$ cat my_file_32.cif   # mmCIF, C-alpha atoms
data_work
#
loop_
_atom_site.label_atom_id
_atom_site.label_comp_id
_atom_site.auth_asym_id
_atom_site.auth_seq_id
_atom_site.Cartn_x
_atom_site.Cartn_y
_atom_site.Cartn_z
CA MET A 72 -11.95 -15.89 15.68
CA GLN A 73 -9.96 -13.09 17.29
CA ALA A 74 -12.66 -10.48 16.58
CA GLN A 75 -15.23 -12.55 18.49
CA ARG A 76 -12.91 -13.00 21.45
CA ALA A 77 -12.18 -9.27 21.50
CA SER A 78 -15.91 -8.51 21.53
CA GLN A 79 -16.61 -10.94 24.38
CA ARG A 80 -13.84 -9.38 26.46
CA ARG A 81 -14.93 -5.83 25.57
CA ASP A 82 -11.47 -5.45 24.03
CA VAL A 83 -10.34 -4.24 20.61
CA PHE A 84 -8.36 -6.43 18.22
CA HIS A 85 -6.00 -4.93 15.63
CA THR A 86 -4.63 -6.67 12.57
CA SER A 87 -1.35 -5.96 10.83
CA PHE A 88 -1.44 -3.96 7.58
CA LEU A 89 -3.43 -5.94 5.01
CA THR A 90 -3.78 -5.72 1.23
CA PRO A 91 -7.13 -4.64 -0.33
CA PRO A 92 -8.34 -8.16 -1.31
CA ILE A 93 -7.71 -9.48 2.21
CA ILE A 94 -9.31 -6.39 3.77
CA ALA A 95 -12.46 -6.88 1.69
CA GLU A 96 -12.65 -10.58 2.58
CA ALA A 97 -12.08 -9.92 6.30
CA MET A 98 -14.64 -7.10 6.49
CA LEU A 99 -17.28 -9.31 4.84
CA ALA A 100 -16.60 -12.05 7.38
CA ILE A 101 -16.75 -9.64 10.32
CA GLU A 102 -20.02 -8.09 9.11
CA LYS A 103 -21.68 -11.50 9.57
CA LEU A 104 -20.81 -11.57 13.27
CA ALA A 105 -23.20 -10.16 15.84
CA ASP A 106 -22.17 -7.39 18.26
CA ILE A 107 -18.92 -6.62 16.47
CA LYS A 108 -17.90 -3.35 14.89
CA ALA A 109 -14.92 -3.07 12.56
CA VAL A 110 -13.05 -0.22 10.90
CA ALA A 111 -10.21 -0.29 8.38
CA GLN A 112 -7.59 2.48 8.63
CA GLY A 113 -4.58 3.22 6.47
CA GLY A 114 -3.80 6.78 7.55
CA TYR A 115 -5.50 8.63 4.67
CA PRO A 116 -8.72 8.15 2.65
CA GLN A 117 -7.25 6.39 -0.40
CA ALA A 118 -4.85 4.11 1.48
CA GLU A 119 -4.40 0.67 -0.04
CA ARG A 120 -2.77 -1.13 2.87
CA CYS A 121 -4.88 -0.81 6.03
CA ARG A 122 -5.21 -2.21 9.52
CA ILE A 123 -8.55 -3.55 10.70
CA SER A 124 -9.67 -2.86 14.26
CA ALA A 125 -12.59 -4.93 15.56
CA GLY A 126 -14.40 -5.25 18.85
CA HIS A 127 -17.64 -4.72 20.74
CA PRO A 128 -19.43 -1.48 19.72
CA ASP A 129 -19.07 -0.12 23.27
CA SER A 130 -15.29 -0.44 22.94
CA MET A 131 -15.26 1.12 19.46
CA ARG A 132 -16.90 4.47 20.13
CA SER A 133 -13.92 6.23 18.57
CA ASP A 134 -11.49 5.07 15.89
CA PRO A 135 -8.39 3.50 17.47
CA ASP A 136 -5.06 5.24 16.87
CA VAL A 137 -3.36 2.39 15.01
CA VAL A 138 -1.50 4.15 12.18
CA ALA A 139 1.38 6.64 12.35
CA ALA A 140 3.03 8.67 9.58
CA LEU A 141 6.73 9.24 9.01
CA SER A 142 8.51 11.66 6.72
CA ILE A 143 11.74 10.29 5.25
CA SER A 144 13.52 13.29 3.78
CA GLY A 145 16.81 13.76 1.96
CA ASN A 146 18.29 15.15 -1.24
CA PHE A 147 17.14 12.69 -3.89
CA ARG A 148 17.64 15.08 -6.81
CA LEU A 149 20.75 13.31 -8.08
CA GLU A 150 19.97 9.89 -6.62
CA PRO A 151 16.26 9.24 -7.18
CA CYS A 152 14.92 6.30 -5.17
CA SER A 153 11.98 4.04 -5.89
CA HIS A 154 9.21 2.60 -3.73
CA GLY A 155 11.32 -0.56 -3.46
CA ASP A 156 14.32 1.43 -2.22
CA PHE A 157 12.35 2.99 0.64
CA LEU A 158 10.70 -0.30 1.55
CA GLY A 159 14.04 -2.08 1.38
CA ALA A 160 15.64 0.45 3.75
CA ILE A 161 12.83 -0.06 6.27
CA LEU A 162 12.90 -3.85 6.03
CA GLY A 163 16.69 -3.70 6.25
CA ALA A 164 16.27 -2.07 9.65
CA GLY A 165 14.66 -5.31 10.84
CA ILE A 166 11.01 -4.35 10.30
CA THR A 167 8.57 -6.93 8.93
CA ARG A 168 6.39 -6.05 5.91
CA GLU A 169 3.09 -6.35 7.79
CA LYS A 170 4.13 -3.45 10.04
CA VAL A 171 4.38 -1.06 7.08
CA GLY A 172 1.49 0.55 5.22
CA ASP A 173 1.56 2.69 2.09
CA ILE A 174 4.67 4.50 0.90
CA LEU A 175 3.95 7.82 -0.81
CA LEU A 176 6.84 9.02 -2.97
CA GLN A 177 7.60 12.76 -3.00
CA GLY A 178 10.15 12.92 -5.79
CA GLU A 179 13.45 14.53 -4.88
CA ARG A 180 12.20 15.31 -1.36
CA GLY A 181 11.84 11.70 -0.24
CA ALA A 182 8.70 9.88 0.88
CA GLN A 183 5.98 9.65 3.49
CA VAL A 184 5.42 6.24 5.05
CA LEU A 185 2.59 4.81 7.13
CA VAL A 186 3.66 2.44 9.89
CA ASP A 187 2.56 0.76 13.10
CA PRO A 188 2.87 3.45 15.84
CA GLU A 189 5.06 1.17 17.97
CA LEU A 190 7.82 1.51 15.35
CA VAL A 191 8.02 5.32 15.32
CA ASP A 192 10.74 5.73 17.95
CA TYR A 193 12.85 2.93 16.51
CA LEU A 194 12.74 4.12 12.91
CA THR A 195 13.27 7.79 13.70
CA SER A 196 16.40 6.89 15.63
CA THR A 197 17.87 4.21 13.34
CA LEU A 198 16.90 4.94 9.72
CA GLU A 199 19.77 6.96 8.27
CA LYS A 200 20.02 6.01 4.61
CA VAL A 201 17.86 5.06 1.63
CA GLY A 202 19.94 3.73 -1.22
CA LYS A 203 23.01 5.97 -1.22
CA VAL A 204 21.18 9.01 0.17
CA GLY A 205 21.45 10.10 3.78
CA VAL A 206 18.00 10.75 5.28
CA SER A 207 16.28 12.10 8.34
CA CYS A 208 13.19 10.30 9.58
CA THR A 209 10.61 12.21 11.61
CA GLN A 210 7.03 11.63 12.70
CA ILE A 211 4.37 13.84 11.12
CA PRO A 212 0.62 14.23 11.82
CA LEU A 213 -1.69 12.14 9.65
CA LEU A 214 -3.22 15.41 8.44
CA ALA A 215 0.16 16.31 6.91
CA ILE A 216 0.08 13.34 4.52
CA GLU A 217 0.23 14.52 0.91
CA TYR A 218 -1.87 12.49 -1.50
CA GLU A 219 -3.87 13.11 -4.63
CA PRO A 220 -7.56 12.15 -4.85
CA PRO A 221 -7.94 9.30 -7.35
CA ARG A 222 -8.48 10.26 -10.98
CA THR A 223 -9.89 7.64 -13.32
CA LYS A 224 -10.14 7.23 -17.06
CA SER A 225 -10.84 4.36 -19.42
CA PHE A 226 -8.80 3.32 -22.43
CA LYS A 227 -8.66 0.55 -25.02
CA THR A 228 -5.48 -0.98 -26.41
CA VAL A 229 -4.67 -3.68 -28.93
CA GLU A 230 -1.77 -5.87 -27.84
CA SER A 231 -0.28 -9.05 -29.22
CA SER A 232 -0.27 -10.64 -25.76
CA LEU A 233 -1.59 -10.19 -22.24
CA ARG A 234 1.90 -9.90 -20.76
CA VAL A 235 2.02 -7.45 -17.88
CA ASP A 236 4.78 -5.42 -19.54
CA ALA A 237 2.74 -5.03 -22.74
CA VAL A 238 -0.55 -4.05 -21.12
CA ALA A 239 0.92 -1.86 -18.37
CA SER A 240 3.28 0.00 -20.70
CA ALA A 241 0.29 0.91 -22.85
CA GLY A 242 -1.78 1.94 -19.85
CA PHE A 243 0.89 4.04 -18.18
CA LYS A 244 2.34 5.30 -21.48
CA ILE A 245 5.90 4.24 -20.78
CA SER A 246 8.22 1.96 -22.73
CA ARG A 247 8.28 -1.77 -22.09
CA THR A 248 11.98 -1.43 -21.34
CA LYS A 249 11.32 1.08 -18.55
CA LEU A 250 8.48 -0.99 -17.17
CA GLY A 251 10.75 -4.05 -17.16
CA SER A 252 13.28 -2.07 -15.16
CA MET A 253 10.57 -1.06 -12.67
CA ILE A 254 9.55 -4.71 -12.32
CA SER A 255 13.16 -5.57 -11.50
CA SER A 256 13.19 -2.77 -8.91
CA GLY A 257 10.11 -4.13 -7.14
CA ASP A 258 7.87 -1.26 -8.21
CA VAL A 259 5.18 -3.25 -10.03
CA ARG A 260 2.45 -5.35 -8.45
CA VAL A 261 -0.43 -7.42 -9.77
CA ASN A 262 -3.32 -7.74 -7.32
CA TRP A 263 -0.99 -6.22 -4.71
CA SER A 264 1.60 -8.98 -5.06
CA LEU A 265 5.07 -8.20 -6.41
CA VAL A 266 5.67 -9.15 -10.03
CA SER A 267 9.02 -10.82 -10.70
CA LYS A 268 8.72 -11.47 -14.46
CA SER A 269 7.77 -9.16 -17.33
CA GLY A 270 6.07 -12.09 -19.04
CA ALA A 271 3.47 -12.62 -16.30
CA THR A 272 0.05 -13.00 -17.95
CA LEU A 273 -2.92 -10.83 -16.97
CA LYS A 274 -6.59 -11.72 -16.97
CA ALA A 275 -9.83 -9.77 -16.66
CA GLY A 276 -10.22 -8.25 -13.20
CA ASP A 277 -6.49 -8.03 -12.47
CA VAL A 278 -5.20 -4.79 -10.93
CA VAL A 279 -1.71 -3.60 -11.89
CA SER A 280 -0.03 -1.08 -9.56
CA VAL A 281 3.09 0.88 -10.51
CA SER A 282 4.74 2.84 -7.71
CA GLY A 283 4.39 6.58 -8.15
CA MET A 284 2.18 6.21 -11.23
CA GLY A 285 -1.09 4.76 -9.98
CA ARG A 286 -2.85 1.58 -11.00
CA LEU A 287 -4.97 0.13 -13.78
CA LYS A 288 -7.62 -2.57 -13.86
CA VAL A 289 -8.15 -4.95 -16.75
CA LYS A 290 -11.92 -4.65 -17.21
CA SER A 291 -12.40 -7.00 -20.16
CA ILE A 292 -10.50 -8.89 -22.84
CA THR A 293 -11.65 -9.30 -26.42
CA SER A 294 -10.04 -11.73 -28.83
CA TYR A 295 -9.74 -10.87 -32.51
CA CYS A 296 -9.41 -13.51 -35.18
#
$ encode --input "my_file_32.cif" --output "structure tokens"
Amino acid sequence: MQAQRASQRRDVFHTSFLTPPIIAEAMLAIEKLADIKAVAQGGYPQAERCRISAGHPDSMRSDPDVVAALSISGNFRLEPCSHGDFLGAILGAGITREKVGDILLQGERGAQVLVDPELVDYLTSTLEKVGKVGVSCTQIPLLAIEYEPPRTKSFKTVESSLRVDAVASAGFKISRTKLGSMISSGDVRVNWSLVSKSGATLKAGDVVSVSGMGRLKVKSITSYC
């Protein structure tokens, strides 16, 4: 295992950006290893996609600097862009998905994006457009990231099916038509994987994420006869 080799060499190993289920699984595995310390970082406290750094405790006395923040700004008032638009622009520049963390939409101002620090110079010099909007891309301090602390509430809904468009439209209080459009735009995920069909079926424990709107978890399912 790479974490063990890093510990033996008094080195620090860094993963790519990982999704929450993989982070949880990896951290549990690392905790079972002796003389290894690990920390997950996504750039801000509520980050979903994080990088894990692991190594010998003597080499991990301070948190490694493995996440950088970018501000992608432009006039999106007349041409609003989605999470998928920003991600598509970055991937279109030749960047692989595992090098990109969370994307925090800022409405008509643009977005803030967490990335691998080694990509900062490249993206700030090459990223010029998101959708049809011209943008400027600059590095910002992690302390400048704008995010809202999570707010939670519970709700019950009666639906004729467990289709993702039915359950999520009820949870986020938007029409099924709009949610279907967001699915087509790549803005909806189930358990952090992109959903391609509105008819995908949910089960208890599934987490549905909608870009810019938050996420919901299916806690339990009750059948009525």
$ resolve_selection --input "my_file_32.cif" --expression "the PyMOL selection byres ((chain A and resi 151) around 10)" --output "MDAnalysis selection string"
chainID A and resid 146:150 152:153 156 178:181 201:204
$ resolve_selection --input "my_file_32.cif" --expression "the PyMOL selection byres ((chain A and resi 184) around 12)" --output "number ranges by chain"
A: 113-115, 118, 120, 138-144, 154, 157-158, 160-161, 170-177, 181-183, 185-188, 190-191, 194-195, 208-213, 215-218
$ resolve_selection --input "my_file_32.cif" --expression "the PyMOL selection byres ((chain A and resi 103-107) around 6)" --output "PDB file with C-alpha atoms, keeping the file's coordinate frame"
ATOM      1  CA  ALA A 100     -16.600 -12.050   7.380  1.00  0.00           C
ATOM      2  CA  ILE A 101     -16.750  -9.640  10.320  1.00  0.00           C
ATOM      3  CA  GLU A 102     -20.020  -8.090   9.110  1.00  0.00           C
ATOM      4  CA  LYS A 108     -17.900  -3.350  14.890  1.00  0.00           C
ATOM      5  CA  GLY A 126     -14.400  -5.250  18.850  1.00  0.00           C
ATOM      6  CA  HIS A 127     -17.640  -4.720  20.740  1.00  0.00           C
TER       7      HIS A 127
END
$ closest_residue --input "my_file_32.cif" --among "A:Asn262, A:Ser282, A:Gly145, A:Ala271" --to "A:Pro91" --atoms "all atoms listed in the file"
A:Asn262
$ closest_residue --input "my_file_32.cif" --among "A:Val281, A:Val289, A:Ile166, A:Leu265" --to "A:Lys227" --atoms "only C-alpha atoms"
A:Val289
$ atom_distance --input "my_file_32.cif" --atom1 "atom CA of A:Ser291" --atom2 "atom CA of A:Ser246"
22.6 Å
$ atom_distance --input "my_file_32.cif" --atom1 "atom CA of A:Ser196" --atom2 "atom CA of A:Glu169"
20.3 Å
$ atom_distance --input "my_file_32.cif" --atom1 "atom CA of A:Arg122" --atom2 "atom CA of A:Lys274"
28.2 Å
$ closest_residue --input "my_file_32.cif" --among "A:Arg286, A:Lys268, A:Leu273, A:Arg132" --to "A:Ser225" --atoms "all atoms listed in the file"
A:Arg286
$ closest_residue --input "my_file_32.cif" --among "A:Met253, A:Ala164, A:Ile292, A:Val261" --to "A:Val229" --atoms "all atoms listed in the file"
A:Ile292
